[in-house]
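The next block is my_file.csv, given as CSV, C-alpha atoms.
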```
chain,number,residue,atom,x,y,z
A,1,MET,CA,62.3,87.5,83.6
A,2,ALA,CA,65.0,85.2,85.0
A,3,SER,CA,65.1,87.2,88.2
A,4,ASN,CA,62.7,89.9,89.5
A,5,PRO,CA,63.4,93.6,89.8
A,6,PRO,CA,65.2,94.7,92.9
A,7,GLY,CA,63.1,95.1,96.0
A,8,LYS,CA,63.5,96.3,99.5
A,9,CYS,CA,65.7,93.3,100.4
A,10,CYS,CA,68.3,94.6,97.8
A,11,PHE,CA,68.6,97.8,99.9
A,12,MET,CA,69.4,96.1,103.2
A,13,GLY,CA,72.5,94.4,104.5
A,14,PHE,CA,75.4,94.3,107.0
A,15,ARG,CA,78.7,96.0,106.8
A,16,HIS,CA,81.8,93.8,107.0
A,17,GLU,CA,84.9,94.8,108.9
A,18,GLY,CA,88.4,94.4,107.6
A,19,GLU,CA,91.5,96.2,106.2
A,20,THR,CA,91.5,96.7,102.5
A,21,HIS,CA,94.6,96.8,100.3
A,22,GLY,CA,93.6,98.4,97.0
A,23,SER,CA,93.5,101.9,95.8
A,24,PHE,CA,91.1,104.2,94.0
A,25,GLN,CA,92.1,105.2,90.4
A,26,ASP,CA,90.4,107.1,87.6
A,27,LEU,CA,90.1,104.4,85.0
A,28,TYR,CA,88.4,105.0,81.7
A,29,GLY,CA,86.3,107.8,83.1
A,30,LEU,CA,85.1,105.9,86.2
A,31,ASP,CA,86.4,106.1,89.7
A,32,THR,CA,87.6,102.5,90.3
A,33,TYR,CA,88.8,100.4,93.2
A,34,VAL,CA,91.9,98.6,91.9
A,35,THR,CA,93.5,95.7,93.7
A,36,GLU,CA,96.4,93.5,92.7
A,37,PRO,CA,97.7,90.3,94.4
A,38,GLN,CA,100.5,90.7,96.9
A,39,VAL,CA,103.4,88.3,96.9
A,40,SER,CA,103.4,86.6,100.3
A,41,GLU,CA,106.6,86.1,102.2
A,42,CYS,CA,106.5,82.3,101.6
A,43,CYS,CA,106.5,82.9,97.8
A,44,LYS,CA,109.2,85.5,97.5
A,45,GLY,CA,112.0,84.1,95.5
A,46,LYS,CA,109.6,82.1,93.4
A,47,SER,CA,107.7,85.2,92.0
A,48,SER,CA,108.0,88.9,92.4
A,49,ASP,CA,105.6,91.8,92.5
A,50,ALA,CA,106.8,92.8,89.0
A,51,GLU,CA,106.0,89.3,87.7
A,52,VAL,CA,102.5,89.4,89.3
A,53,LYS,CA,101.8,92.8,87.7
A,54,LYS,CA,102.7,91.4,84.3
A,55,VAL,CA,99.7,89.1,84.4
A,56,ASN,CA,97.3,90.4,81.8
A,57,LYS,CA,94.2,88.9,83.2
A,58,TYR,CA,91.4,90.8,84.8
A,59,ILE,CA,88.2,90.3,86.9
A,60,VAL,CA,85.7,93.2,86.8
A,61,ILE,CA,83.2,93.4,89.6
A,62,LEU,CA,79.8,95.0,88.9
A,63,THR,CA,78.4,96.0,92.3
A,64,ASP,CA,75.1,96.0,93.9
A,65,ILE,CA,73.5,99.3,94.8
A,66,PHE,CA,76.0,100.0,97.6
A,67,GLY,CA,78.7,100.7,95.1
A,68,HIS,CA,82.4,100.4,94.8
A,69,LYS,CA,83.3,102.3,98.0
A,70,PHE,CA,81.4,99.8,100.2
A,71,ASN,CA,84.0,98.0,102.4
A,72,ASN,CA,82.4,94.6,101.7
A,73,VAL,CA,83.0,94.6,98.0
A,74,GLN,CA,86.6,95.9,98.4
A,75,LEU,CA,87.3,93.0,100.8
A,76,LEU,CA,85.9,90.6,98.2
A,77,ALA,CA,88.0,92.2,95.5
A,78,ASP,CA,91.2,91.9,97.6
A,79,GLN,CA,90.6,88.2,98.2
A,80,LEU,CA,89.8,87.5,94.6
A,81,ALA,CA,93.0,89.2,93.5
A,82,GLN,CA,95.0,87.2,96.1
A,83,GLY,CA,93.3,83.9,95.2
A,84,THR,CA,93.6,84.2,91.4
A,85,GLY,CA,96.7,86.3,90.8
A,86,PHE,CA,94.6,88.5,88.5
A,87,HIS,CA,94.0,92.2,88.6
A,88,VAL,CA,90.6,93.0,90.0
A,89,LEU,CA,88.7,96.2,89.1
A,90,VAL,CA,85.6,97.6,90.8
A,91,PRO,CA,84.3,100.5,88.7
A,92,ASP,CA,81.7,103.0,89.9
A,93,ILE,CA,78.7,102.0,87.8
A,94,LEU,CA,76.3,104.1,90.0
A,95,PHE,CA,77.4,107.5,88.9
A,96,ASN,CA,78.6,108.5,92.4
A,97,ASP,CA,75.1,107.8,93.8
A,98,PRO,CA,75.4,104.6,95.9
A,99,VAL,CA,72.9,103.8,98.6
A,100,ILE,CA,74.5,104.6,102.0
A,101,ASP,CA,72.0,103.2,104.5
A,102,LEU,CA,71.8,99.5,105.0
A,103,ASP,CA,68.5,99.5,106.8
A,104,GLY,CA,66.2,99.5,103.8
A,105,SER,CA,65.0,103.1,104.5
A,106,THR,CA,66.0,104.2,101.0
A,107,ASP,CA,63.2,104.9,98.6
A,108,PHE,CA,64.2,102.1,96.3
A,109,GLN,CA,61.6,102.8,93.6
A,110,LYS,CA,63.0,106.3,93.2
A,111,TRP,CA,66.6,105.1,93.2
A,112,LEU,CA,65.9,102.6,90.5
A,113,HIS,CA,64.1,105.2,88.5
A,114,ASP,CA,67.2,107.4,88.7
A,115,HIS,CA,69.4,104.5,87.5
A,116,PRO,CA,67.9,103.2,84.3
A,117,HIS,CA,69.5,100.1,82.8
A,118,ASP,CA,70.3,101.6,79.5
A,119,LYS,CA,72.3,104.5,81.1
A,120,THR,CA,74.2,102.1,83.4
A,121,ARG,CA,75.1,99.8,80.5
A,122,ASN,CA,75.8,102.5,77.8
A,123,GLU,CA,77.5,105.1,79.9
A,124,ALA,CA,79.3,103.0,82.5
A,125,VAL,CA,79.7,99.3,82.0
A,126,GLN,CA,80.1,99.1,78.2
A,127,PRO,CA,82.6,101.9,77.7
A,128,PHE,CA,84.6,100.8,80.7
A,129,LEU,CA,85.1,97.3,79.3
A,130,GLU,CA,85.7,98.5,75.8
A,131,SER,CA,88.4,100.8,77.0
A,132,LEU,CA,89.9,98.0,79.1
A,133,LYS,CA,89.9,95.7,76.1
A,134,LYS,CA,91.4,98.3,73.8
A,135,GLU,CA,94.2,99.5,76.2
A,136,LYS,CA,95.2,96.3,77.9
A,137,ASN,CA,94.2,93.7,75.3
A,138,PRO,CA,93.7,91.2,78.2
A,139,ASP,CA,94.3,87.5,77.9
A,140,PHE,CA,91.2,87.0,80.0
A,141,ILE,CA,88.3,89.0,81.4
A,142,GLY,CA,86.2,87.5,84.1
A,143,ILE,CA,83.1,89.4,85.3
A,144,ILE,CA,81.1,89.2,88.5
A,145,GLY,CA,77.7,90.7,89.2
A,146,TYR,CA,76.1,91.0,92.6
A,147,CYS,CA,72.4,91.7,92.7
A,148,TYR,CA,71.9,94.9,90.6
A,149,GLY,CA,75.2,94.3,88.8
A,150,ALA,CA,74.3,90.8,87.7
A,151,LYS,CA,72.1,92.0,84.8
A,152,PHE,CA,75.1,93.8,83.2
A,153,ALA,CA,77.4,90.9,83.9
A,154,VAL,CA,75.1,88.5,82.1
A,155,GLN,CA,74.9,91.0,79.2
A,156,GLN,CA,78.6,90.9,78.9
A,157,LEU,CA,78.5,87.1,78.5
A,158,SER,CA,76.6,87.4,75.2
A,159,GLN,CA,78.3,86.5,71.9
A,160,ASP,CA,79.2,90.2,71.5
A,161,GLY,CA,80.0,90.8,75.1
A,162,LEU,CA,83.5,91.5,76.3
A,163,ALA,CA,83.7,89.0,79.2
A,164,ASP,CA,85.0,85.5,78.8
A,165,VAL,CA,83.6,83.9,81.9
A,166,GLY,CA,81.1,85.1,84.5
A,167,ALA,CA,79.8,84.7,88.0
A,168,ILE,CA,76.7,86.2,89.5
A,169,ALA,CA,75.3,86.1,93.0
A,170,HIS,CA,71.6,86.5,94.0
A,171,PRO,CA,70.8,88.3,90.7
A,172,SER,CA,68.1,90.8,90.0
A,173,PHE,CA,66.5,92.2,86.8
A,174,VAL,CA,68.1,89.6,84.6
A,175,SER,CA,65.9,88.6,81.7
A,176,ILE,CA,65.6,85.1,80.3
A,177,GLU,CA,66.5,86.6,76.9
A,178,GLU,CA,69.8,87.7,78.4
A,179,VAL,CA,70.4,84.2,79.7
A,180,ASP,CA,69.4,82.7,76.4
A,181,ALA,CA,72.1,84.9,74.6
A,182,ILE,CA,75.0,83.3,76.5
A,183,PRO,CA,77.0,81.1,74.0
A,184,LYS,CA,78.5,77.7,74.9
A,185,SER,CA,81.9,79.2,75.0
A,186,LYS,CA,81.2,81.3,78.1
A,187,PRO,CA,80.7,79.5,81.5
A,188,LEU,CA,78.5,80.9,84.2
A,189,LEU,CA,78.6,80.4,88.0
A,190,ILE,CA,75.5,81.3,90.0
A,191,SER,CA,75.4,81.6,93.8
A,192,ALA,CA,71.8,81.5,95.0
A,193,ALA,CA,70.0,81.9,98.3
A,194,GLU,CA,67.2,79.6,99.4
A,195,LYS,CA,65.2,82.5,100.7
A,196,ASP,CA,65.0,84.9,97.9
A,197,VAL,CA,62.0,86.8,96.6
A,198,ILE,CA,64.0,88.2,93.7
A,199,PHE,CA,65.7,85.1,92.4
A,200,THR,CA,62.9,82.8,93.4
A,201,GLU,CA,62.8,79.0,93.1
A,202,GLU,CA,60.7,79.2,90.0
A,203,LEU,CA,63.0,81.7,88.3
A,204,ARG,CA,66.1,79.8,89.4
A,205,HIS,CA,64.7,76.6,87.7
A,206,LEU,CA,63.8,78.6,84.6
A,207,THR,CA,67.4,79.9,84.4
A,208,GLU,CA,68.8,76.5,85.0
A,209,ASP,CA,66.5,75.0,82.3
A,210,LYS,CA,67.6,77.6,79.8
A,211,LEU,CA,71.3,77.0,80.5
A,212,LYS,CA,70.8,73.2,80.2
A,213,GLU,CA,68.8,73.6,77.0
A,214,ASN,CA,71.6,75.7,75.4
A,215,GLY,CA,74.4,73.5,76.6
A,216,ILE,CA,76.1,76.2,78.7
A,217,THR,CA,78.8,75.2,81.1
A,218,TYR,CA,77.3,76.3,84.4
A,219,GLN,CA,77.4,75.7,88.2
A,220,LEU,CA,74.5,76.7,90.3
A,221,ASP,CA,75.0,76.6,94.1
A,222,LEU,CA,71.9,76.9,96.4
A,223,PHE,CA,72.7,77.8,100.0
A,224,SER,CA,70.2,76.9,102.6
A,225,GLY,CA,69.0,79.2,105.3
A,226,VAL,CA,70.3,82.4,103.7
A,227,GLU,CA,68.6,85.3,102.1
A,228,HIS,CA,69.2,87.6,99.1
A,229,GLY,CA,72.4,89.5,99.5
A,230,PHE,CA,74.3,86.9,101.5
A,231,ALA,CA,77.4,86.8,99.2
A,232,ALA,CA,78.0,90.5,99.4
A,233,ARG,CA,76.4,91.9,102.6
A,234,GLY,CA,75.0,89.0,104.7
A,235,ASP,CA,75.1,88.9,108.5
A,236,ILE,CA,78.3,86.9,108.9
A,237,SER,CA,77.8,86.8,112.7
A,238,ILE,CA,75.4,84.0,111.8
A,239,PRO,CA,77.5,80.8,111.2
A,240,TRP,CA,75.6,79.4,108.2
A,241,VAL,CA,75.5,82.9,106.5
A,242,LYS,CA,79.3,83.2,107.1
A,243,TYR,CA,79.8,79.7,105.6
A,244,ALA,CA,77.7,80.6,102.5
A,245,ASN,CA,79.4,83.9,102.1
A,246,GLU,CA,82.9,82.4,102.3
A,247,LYS,CA,82.0,79.4,100.1
A,248,ALA,CA,80.5,81.6,97.3
A,249,LEU,CA,83.8,83.5,97.2
A,250,ALA,CA,85.8,80.3,97.3
A,251,ASP,CA,83.8,79.0,94.3
A,252,GLN,CA,84.4,82.2,92.4
A,253,ILE,CA,88.1,82.0,93.0
A,254,HIS,CA,88.2,78.4,91.8
A,255,TRP,CA,86.0,79.2,88.8
A,256,PHE,CA,88.2,82.0,87.5
A,257,ASN,CA,91.4,80.1,88.3
A,258,TYR,CA,90.2,77.1,86.3
A,259,PHE,CA,88.7,78.9,83.3
A,260,GLY,CA,91.1,81.8,83.4
A,261,ASN,CA,94.1,79.4,83.1
A,262,LYS,CA,92.4,76.7,81.0
A,263,LYS,CA,94.3,75.7,77.9
A,264,ASP,CA,92.0,74.9,75.0
```
Show this structure as structure tokens.
Amino acid sequence: MASNPPGKCCFMGFRHEGETHGSFQDLYGLDTYVTEPQVSECCKGKSSDAEVKKVNKYIVILTDIFGHKFNNVQLLADQLAQGTGFHVLVPDILFNDPVIDLDGSTDFQKWLHDHPHDKTRNEAVQPFLESLKKEKNPDFIGIIGYCYGAKFAVQQLSQDGLADVGAIAHPSFVSIEEVDAIPKSKPLLISAAEKDVIFTEELRHLTEDKLKENGITYQLDLFSGVEHGFAARGDISIPWVKYANEKALADQIHWFNYFGNKKD
């Protein structure tokens, strides 16, 4: 394994407050949070909403076990859209069965048993991306995976995968074979927590060694003093957690801006 199976820490977190700007749409058979960049007042006259919507570049977020209706991931999606100018989609990959409680009280072994990997990949992630590719023929697809969603994000970075560039944060359940399958043409950004029993120091180094061995373009950021989940559901009332949360997002925005607009 490149990261351990989800544990109780994956079923805990903090809810972030803020107004969201996207909408829910039925896309390719999945209820999906859709957000597009808004043209700010300072930029009007230089670009228009119509011009922004003509951009044929997408970022797809594969969520943790709290799902696409979790306010935190919607806030992240809105900021990614604003920061990159790309369309951002957050599909329901949990079959309308997200974890609601953030206190770790969920029977996580039962929940994981009810959400087998093959079902999530074959009935949600893969058909969604195939339909997006077929209908929109995007110029670029970036993919982000948080915790549970990281496994499927890495899978989509394989040679046959449908994503061009990826980012994952505090991954779980990723196999070293999936990391090994990433070709040189697909860069990967990893945001990691110092205190993480899922993506441990040993497994982090194993992942890094495999990426180096295969000549993959990667960036691996390790944030001190934070725990698994910091980038999506950390306690941002704590200054260093807030910093790590904001920096991980800023890195993702820069990552996708660079590789999504890179001219070969």
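Using only C-alpha atoms, the smallest distance between any of A:Val88, A:Leu94, A:Ala250, A:Val226 and Asp196 (chain A) comes from A:Val226.
Counting only C-alpha atoms and comparing A:Ser191, A:Asn257, A:Ser224, A:Ser175, the residue that lies closest to Asn4 (chain A) is A:Ser175.
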**Prompt:** Which polymer residues have any atom within 8 Å of an atom of region 95-103 of chain A, counting all atoms listed in the file, with same-chain residues fewer than 3 positions away left out, as a PyMOL selection string?
**Reply:** chain A and resi 11-15+65-67+92+106
**Request:** Please identify all polymer residues within 8 Å of Glu178 (chain A), counting all atoms listed in the file, omitting same-chain residues fewer than 6 positions from it, and present them as a list of chain:residue names.
**Result:** A:Val154, A:Gln155, A:Ser158
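Comparing A:His115, A:Lys247, A:His21, A:Lys186 by their smallest distance to Phe223 (chain A), the closest is A:Lys247 (using all atoms listed in the file).
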**Request:** Name the closest residue to Ala77 (chain A) among the candidates A:Leu189, A:Cys9, A:Val34, A:Leu129; distances are taken between atoms, counting only C-alpha atoms.
**Result:** A:Val34
**Prompt:** In Å to one decimal, how far is CA of Asn71 (chain A) from CA of Ala231 (chain A)?
**Reply:**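 We find that CA of Ala231 (chain A) and CA of Asn71 (chain A) lie 13.4 Å from each other.
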